[in-house]
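Okay, model_32.txt is below, compact mmCIF, C-alpha atoms:
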# COMPACT_ATOMS: atom_id res chain seq x y z
CA MET B 1 -31.90 197.47 133.30
CA VAL B 2 -28.54 198.67 134.52
CA HIS B 3 -26.09 197.37 132.01
CA GLY B 4 -24.00 197.94 128.94
CA ASP B 5 -21.64 200.73 128.07
CA THR B 6 -24.25 203.18 126.95
CA THR B 7 -24.49 206.59 128.55
CA GLY B 8 -27.83 205.76 130.14
CA PRO B 9 -30.78 203.45 129.85
CA ILE B 10 -32.12 203.16 126.35
CA VAL B 11 -35.09 201.51 124.74
CA GLN B 12 -34.50 199.65 121.51
CA ILE B 13 -37.09 197.93 119.36
CA ARG B 14 -36.40 195.84 116.27
CA ARG B 15 -39.07 194.90 113.83
CA ARG B 16 -39.32 193.30 110.40
CA VAL B 17 -41.74 195.37 108.34
CA ARG B 18 -43.28 194.21 105.08
CA ALA B 19 -42.54 197.35 103.08
CA GLY B 20 -39.66 199.11 101.41
CA ALA B 21 -37.41 201.45 103.35
CA GLU B 22 -38.41 204.47 101.21
CA GLN B 23 -42.09 204.03 102.00
CA ILE B 24 -41.44 203.59 105.72
CA PHE B 25 -39.15 206.62 105.76
CA ASP B 26 -41.91 208.70 104.21
CA LEU B 27 -44.37 207.58 106.90
CA TRP B 28 -42.01 209.10 109.45
CA THR B 29 -41.40 212.36 107.65
CA GLN B 30 -44.45 213.41 105.62
CA PRO B 31 -47.05 215.27 107.70
CA ASP B 32 -50.09 213.87 105.86
CA LEU B 33 -48.85 210.35 106.58
CA MET B 34 -47.57 211.06 110.09
CA VAL B 35 -51.03 212.06 111.31
CA ARG B 36 -52.41 208.70 110.22
CA TRP B 37 -50.41 206.59 112.67
CA MET B 38 -48.38 208.64 115.13
CA SER B 39 -51.13 209.79 117.45
CA PRO B 40 -51.49 207.52 120.47
CA TYR B 41 -54.85 208.97 121.39
CA PRO B 42 -57.82 207.06 120.06
CA GLY B 43 -61.21 208.49 119.33
CA ALA B 44 -62.15 212.00 118.32
CA VAL B 45 -58.70 213.51 118.27
CA ASP B 46 -57.70 216.01 115.67
CA CYS B 47 -54.08 215.44 114.73
CA LYS B 48 -51.96 217.97 112.88
CA ALA B 49 -48.36 217.55 111.87
CA SER B 50 -45.77 219.84 110.48
CA CYS B 51 -42.16 219.28 109.64
CA ASP B 52 -39.23 221.14 108.30
CA LEU B 53 -37.23 218.18 107.05
CA ARG B 54 -33.64 219.33 107.26
CA PRO B 55 -30.99 219.00 109.96
CA GLY B 56 -31.91 221.53 112.64
CA GLY B 57 -35.46 221.79 111.30
CA ALA B 58 -38.38 221.30 113.66
CA PHE B 59 -41.34 218.96 113.57
CA SER B 60 -44.44 218.88 115.68
CA LEU B 61 -47.46 216.74 116.12
CA VAL B 62 -50.38 218.42 117.81
CA MET B 63 -53.27 216.30 118.99
CA SER B 64 -56.34 218.10 120.20
CA SER B 65 -59.66 216.93 121.53
CA GLU B 66 -62.36 218.89 123.28
CA GLN B 67 -60.71 218.23 126.63
CA SER B 68 -57.07 218.82 125.95
CA ILE B 69 -54.21 219.57 123.62
CA ARG B 70 -51.12 217.44 123.55
CA GLU B 71 -48.02 218.09 121.57
CA VAL B 72 -45.02 216.07 120.59
CA SER B 73 -42.17 217.95 119.00
CA GLY B 74 -38.51 217.84 118.22
CA THR B 75 -35.67 218.76 115.93
CA TYR B 76 -34.14 216.73 113.13
CA VAL B 77 -30.55 215.80 113.80
CA GLN B 78 -29.74 213.53 110.86
CA ILE B 79 -31.71 212.80 107.71
CA ASP B 80 -30.45 210.08 105.44
CA ARG B 81 -33.36 208.89 103.34
CA PRO B 82 -34.18 206.03 103.35
CA ARG B 83 -31.69 204.50 105.78
CA LYS B 84 -31.59 206.65 108.87
CA LEU B 85 -33.52 209.37 110.68
CA VAL B 86 -32.39 210.92 113.96
CA PHE B 87 -34.43 213.49 115.84
CA THR B 88 -34.92 214.90 119.31
CA TRP B 89 -38.26 214.18 120.88
CA THR B 90 -40.15 215.81 123.69
CA GLY B 91 -43.72 215.25 124.78
CA PRO B 92 -45.92 213.63 127.41
CA LEU B 93 -44.05 210.34 127.06
CA THR B 94 -40.75 211.93 128.02
CA ASN B 95 -42.25 214.17 130.68
CA HIS B 96 -41.35 217.07 128.38
CA VAL B 97 -37.69 216.37 128.62
CA ASN B 98 -35.68 216.23 125.44
CA THR B 99 -34.78 212.73 124.31
CA LEU B 100 -33.21 211.30 121.17
CA VAL B 101 -34.89 208.92 118.74
CA THR B 102 -32.99 207.09 116.01
CA VAL B 103 -34.83 205.16 113.32
CA GLU B 104 -32.70 202.90 111.15
CA LEU B 105 -34.12 201.12 108.13
CA ASN B 106 -32.16 198.17 106.80
CA PRO B 107 -33.48 196.56 103.60
CA ARG B 108 -33.92 192.78 103.87
CA GLY B 109 -35.21 191.62 100.48
CA ASP B 110 -38.82 192.74 100.15
CA GLU B 111 -38.90 193.62 103.81
CA THR B 112 -37.18 196.17 105.97
CA GLU B 113 -35.69 195.75 109.39
CA LEU B 114 -36.65 198.76 111.45
CA VAL B 115 -34.52 199.51 114.49
CA LEU B 116 -35.86 202.21 116.75
CA THR B 117 -33.67 203.52 119.55
CA HIS B 118 -35.03 205.96 122.12
CA GLU B 119 -32.57 207.33 124.64
CA ARG B 120 -32.36 210.00 127.26
CA LEU B 121 -29.86 212.71 126.53
CA PRO B 122 -27.09 213.36 129.03
CA THR B 123 -28.35 215.67 131.73
CA THR B 124 -26.21 218.63 130.66
CA ALA B 125 -27.69 218.45 127.19
CA ILE B 126 -31.15 218.46 128.72
CA CYS B 127 -30.32 221.54 130.79
CA GLU B 128 -28.83 223.48 127.89
CA GLY B 129 -31.29 222.17 125.39
CA HIS B 130 -34.71 222.88 124.12
CA THR B 131 -36.81 222.30 127.19
CA LYS B 132 -37.34 226.03 127.66
CA GLY B 133 -40.14 227.75 125.83
CA TRP B 134 -42.74 225.07 126.32
CA GLY B 135 -44.27 226.72 129.36
CA ASN B 136 -47.69 227.41 127.91
CA ILE B 137 -48.10 223.96 126.51
CA LEU B 138 -46.77 222.48 129.75
CA ASP B 139 -49.62 224.09 131.64
CA HIS B 140 -52.05 221.96 129.70
CA LEU B 141 -49.96 218.86 129.71
CA ALA B 142 -49.10 218.55 133.35
CA ASP B 143 -50.90 215.27 133.85
CA ALA B 144 -48.53 213.68 131.36
CA VAL B 145 -46.68 210.45 131.46
CA SER B 146 -48.39 207.72 133.40
CA LYS B 147 -52.01 208.56 132.78
CA ASP B 148 -51.79 209.45 129.12
CA LEU B 149 -50.01 206.53 127.60
CA MET K 150 -54.83 224.45 141.21
CA ILE K 151 -54.87 220.74 140.59
CA GLU K 152 -53.05 221.38 137.34
CA ILE K 153 -50.30 223.29 139.10
CA GLU K 154 -49.90 220.49 141.65
CA ALA K 155 -49.75 217.90 138.91
CA ARG K 156 -47.23 219.97 137.05
CA LYS K 157 -45.04 220.25 140.15
CA GLN K 158 -45.22 216.52 140.61
CA ALA K 159 -44.31 215.89 136.98
CA ALA K 160 -41.40 218.32 137.26
CA SER K 161 -40.00 216.70 140.37
CA ARG K 162 -40.42 213.29 138.81
CA THR K 163 -38.45 214.55 135.82
CA ALA K 164 -35.73 215.95 138.08
CA ARG K 165 -35.50 212.66 139.95
CA LEU K 166 -35.29 210.67 136.73
CA ASP K 167 -32.60 212.99 135.37
CA ALA K 168 -30.54 212.55 138.53
CA VAL K 169 -30.94 208.79 138.27
CA PHE K 170 -29.95 208.68 134.61
CA ALA K 171 -26.96 210.95 135.23
CA ALA K 172 -25.88 208.70 138.09
CA LEU K 173 -26.16 205.65 135.88
CA ALA K 174 -24.03 207.21 133.14
CA ASP K 175 -20.86 206.02 134.87
CA PRO K 176 -19.66 202.37 134.78
CA THR K 177 -18.31 202.46 138.37
CA ARG K 178 -21.64 203.70 139.66
CA ARG K 179 -23.48 201.07 137.65
CA ALA K 180 -21.23 198.43 139.21
CA ILE K 181 -21.97 199.78 142.69
CA ILE K 182 -25.70 199.60 142.00
CA GLU K 183 -25.29 196.07 140.73
CA ARG K 184 -23.41 195.10 143.89
CA LEU K 185 -26.03 196.68 146.14
CA SER K 186 -28.85 195.06 144.25
CA ARG K 187 -27.58 191.75 145.64
CA SER K 188 -27.45 192.93 149.27
CA GLU K 189 -26.68 195.93 151.44
CA ALA K 190 -23.00 196.46 152.18
CA ARG K 191 -20.47 198.54 154.07
CA VAL K 192 -18.71 201.35 152.24
CA THR K 193 -15.37 199.53 152.54
CA GLU K 194 -16.88 196.36 151.07
CA ILE K 195 -18.20 198.34 148.15
CA ALA K 196 -14.83 199.95 147.51
CA GLU K 197 -12.79 196.75 147.70
CA PRO K 198 -13.12 195.40 144.13
CA PHE K 199 -12.42 198.75 142.47
CA PRO K 200 -8.90 199.70 141.38
CA MET K 201 -9.23 203.18 142.86
CA SER K 202 -8.92 204.89 146.20
CA LEU K 203 -11.60 204.69 148.86
CA ASN K 204 -11.95 208.43 148.44
CA ALA K 205 -12.70 208.11 144.71
CA VAL K 206 -15.30 205.42 145.35
CA SER K 207 -16.83 207.57 148.08
CA LYS K 208 -17.38 210.34 145.53
CA HIS K 209 -19.32 207.95 143.32
CA ILE K 210 -21.32 206.82 146.33
CA ARG K 211 -22.23 210.42 147.12
CA VAL K 212 -23.50 210.96 143.58
CA LEU K 213 -25.66 207.87 143.93
CA GLU K 214 -26.97 209.07 147.30
CA ALA K 215 -27.79 212.48 145.85
CA SER K 216 -29.75 210.81 143.06
CA GLY K 217 -31.79 208.97 145.65
CA MET K 218 -30.76 205.60 144.28
CA ILE K 219 -28.96 204.45 147.40
CA GLU K 220 -29.40 205.15 151.08
CA ARG K 221 -26.97 205.16 153.97
CA HIS K 222 -27.58 204.18 157.56
CA ARG K 223 -25.24 203.53 160.46
CA LYS K 224 -24.76 200.28 162.29
CA GLY K 225 -22.38 201.03 165.16
CA ARG K 226 -19.27 202.37 163.50
CA ASP K 227 -20.13 201.11 160.06
CA HIS K 228 -21.85 202.99 157.31
CA ILE K 229 -24.18 200.59 155.55
CA LEU K 230 -25.38 201.29 152.04
CA SER K 231 -28.53 199.89 150.55
CA ILE K 232 -30.42 200.38 147.36
CA ASN K 233 -33.57 202.44 147.15
CA THR K 234 -35.70 200.19 144.98
CA ARG K 235 -38.27 202.92 144.40
CA SER K 236 -35.86 204.95 142.29
CA LEU K 237 -35.03 201.93 140.16
CA ASP K 238 -38.73 201.30 139.71
CA GLU K 239 -39.00 204.79 138.24
CA VAL K 240 -36.33 204.01 135.66
CA ASP K 241 -37.98 200.70 134.86
CA GLY K 242 -41.24 202.61 134.58
CA TRP K 243 -39.83 204.99 132.01
CA ILE K 244 -38.37 202.16 129.97
CA GLU K 245 -41.57 200.17 130.19
CA ARG K 246 -43.78 203.09 129.14
CA THR K 247 -41.48 204.05 126.29
CA ARG K 248 -41.32 200.53 124.94
CA HIS K 249 -45.07 200.16 125.20
CA TYR K 250 -45.59 203.50 123.44
CA TRP K 251 -43.41 202.62 120.44
CA GLU K 252 -44.71 199.05 120.14
CA LYS K 253 -48.22 200.51 119.84
CA ARG K 254 -47.10 203.17 117.36
CA LEU K 255 -45.27 200.63 115.20
CA ASP K 256 -48.39 198.43 115.22
CA ALA K 257 -50.33 201.44 113.92
CA MET K 258 -47.64 202.11 111.32
CA GLU K 259 -47.83 198.55 110.01
CA LEU K 260 -51.60 198.75 109.92
CA LEU K 261 -51.37 201.89 107.80
CA LEU K 262 -48.85 200.21 105.48
CA ARG K 263 -51.33 197.40 104.91
CA GLU K 264 -54.09 199.92 104.19
CA LEU K 265 -51.90 201.79 101.74
CA LYS K 266 -51.01 198.54 99.99
CA LYS K 267 -54.69 197.66 99.68
CA ASP K 268 -55.47 201.11 98.24
CA HIS K 269 -52.63 200.69 95.83
CA LYS K 270 -54.01 197.32 94.66
CA THR K 271 -57.63 198.36 94.36
CA GLY K 272 -56.78 201.74 92.86
CA PRO K 273 -55.73 200.62 89.34
CA LYS K 274 -58.48 197.98 89.24
CA ASP K 275 -61.10 200.65 89.85
CA ARG K 276 -59.66 202.71 87.07
CA LYS K 277 -59.89 199.69 84.77
CA HIS K 278 -63.54 199.33 85.65
CA GLY K 279 -64.02 203.00 84.97
CA SER K 280 -62.51 202.83 81.48
CA ARG K 281 -64.73 199.97 80.34
Here is a file; write its structure as structure tokens.
Amino acid sequence: MVHGDTTGPIVQIRRRVRAGAEQIFDLWTQPDLMVRWMSPYPGAVDCKASCDLRPGGAFSLVMSSEQSIREVSGTYVQIDRPRKLVFTWTGPLTNHVNTLVTVELNPRGDETELVLTHERLPTTAICEGHTKGWGNILDHLADAVSKDL
Amino acid sequence: MIEIEARKQAASRTARLDAVFAALADPTRRAIIERLSRSEARVTEIAEPFPMSLNAVSKHIRVLEASGMIERHRKGRDHILSINTRSLDEVDGWIERTRHYWEKRLDAMELLLRELKKDHKTGPKDRKHGSR
């Protein structure tokens, strides 16, 4: 796990997807489509999404059941439809620390190669960044990471 | 009360992880970790292969100690460094959970793509039926 010249450990996933890049890009950025696949919580979970699709614009995905409310949110950094989408990401998975997700879509004939990169931001960026202001939600989300995923 | 405890735990876990990731952001420190993952070693042994002063290497070692990734104990006059495998497990844990999370999400995304394709195919056919 400790290798490479990156600034910290990253997770990268590559996948061939049988769809065009435009369609895949829309799944990542249109709220009515986002709610249909992005929620990791099965069962009776109400999922709402909103996004302000411009650099610096915010998105959020709120999943609520009778027991709890969980939120994933972030800010768009780069939007280059349909090839690349970069956004910050904070939620139970990241222990409510800001992280960076890059989705690259490379057309391969009828298919698309999707490369997803999820990385931790340098610590200073985390400190100066957007982790403040989530206090209320944090109260409900304290169980977080290990149990919820 | 349980919530507050859990929140504290999550916060300290986050702080630990941040310290670990910050420590790993430097190639010299990564090399030290790699060396110590093979076996414990004296500070001078650690410093030997690096083209820098013992003092400079010591600074890196202190950062790693502060992050909790390595531990120091004394054997006579020597300071022996060893790796704290628990902190590495935490990093591995984050990577593992994140990978698992996205693999699942991408599975769901592909499933939705197949559904949308099916809708697209059956959609026009239905309309044809309707117009007859």
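Computed from the coordinates, the atom CA of Met34 of chain B to atom CA of Lys253 of chain K distance equals 14.4 Å.
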Distance table requested - chain K against chain B, cut-off 7 Å, all atoms listed in the file: one row per qualifying residue with the closest atom pair and its distance in Å to one decimal, ordered by chain and rising residue number, as CSV.
residue,atom,partner,partner_atom,distance
K:Glu152,CA,B:Ala142,CA,6.3
K:Ala155,CA,B:Ala142,CA,5.6
K:Arg156,CA,B:Ala142,CA,4.4
K:Ala159,CA,B:Ala142,CA,6.6
K:Thr163,CA,B:Asn95,CA,6.4
K:Asp167,CA,B:Thr123,CA,6.2
K:Phe170,CA,B:Gly8,CA,5.7
K:Ala171,CA,B:Thr123,CA,6.0
K:Leu173,CA,B:Gly8,CA,6.0
K:Ala174,CA,B:Thr7,CA,4.7
K:Arg179,CA,B:Val2,CA,6.4
K:Ile244,CA,B:Val11,CA,6.2
K:Thr247,CA,B:Leu93,CA,6.8
K:Arg248,CA,B:Val11,CA,6.3
K:Tyr250,CA,B:Leu149,CA,6.8
K:Arg254,CA,B:Met38,CA,6.0
K:Ala257,CA,B:Trp37,CA,5.3
K:Met258,CA,B:Trp37,CA,5.4
K:Leu261,CA,B:Trp37,CA,6.8
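The smallest atom-to-atom distance between Tyr76 of chain B and any of B:Met63, B:Asp110, B:Thr29, B:Gly20, using all atoms listed in the file, is found for B:Thr29.
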**OP:** Please measure the separation of atom CA of Leu100 of chain B and atom CA of Gly57 of chain B, giving the value in Å to one decimal.
**Re:** 14.6 Å
Original post:
Can you find the residues with an atom no farther than 10 Å from (-29.0, 215.5, 111.5), counting only C-alpha atoms, and report them as number ranges by chain?
Top reply: B: 53-57, 75-80, 84-88
Take the residues from that selection and write them out as a PDB file, in the coordinates of the input, keeping C-alpha atoms.
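And here is the file that came out, result_10.pdb:
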ATOM      1  CA  LEU B  53     -37.230 218.180 107.050  1.00  0.00           C
ATOM      2  CA  ARG B  54     -33.640 219.330 107.260  1.00  0.00           C
ATOM      3  CA  PRO B  55     -30.990 219.000 109.960  1.00  0.00           C
ATOM      4  CA  GLY B  56     -31.910 221.530 112.640  1.00  0.00           C
ATOM      5  CA  GLY B  57     -35.460 221.790 111.300  1.00  0.00           C
ATOM      6  CA  THR B  75     -35.670 218.760 115.930  1.00  0.00           C
ATOM      7  CA  TYR B  76     -34.140 216.730 113.130  1.00  0.00           C
ATOM      8  CA  VAL B  77     -30.550 215.800 113.800  1.00  0.00           C
ATOM      9  CA  GLN B  78     -29.740 213.530 110.860  1.00  0.00           C
ATOM     10  CA  ILE B  79     -31.710 212.800 107.710  1.00  0.00           C
ATOM     11  CA  ASP B  80     -30.450 210.080 105.440  1.00  0.00           C
ATOM     12  CA  LYS B  84     -31.590 206.650 108.870  1.00  0.00           C
ATOM     13  CA  LEU B  85     -33.520 209.370 110.680  1.00  0.00           C
ATOM     14  CA  VAL B  86     -32.390 210.920 113.960  1.00  0.00           C
ATOM     15  CA  PHE B  87     -34.430 213.490 115.840  1.00  0.00           C
ATOM     16  CA  THR B  88     -34.920 214.900 119.310  1.00  0.00           C
TER      17      THR B  88
END
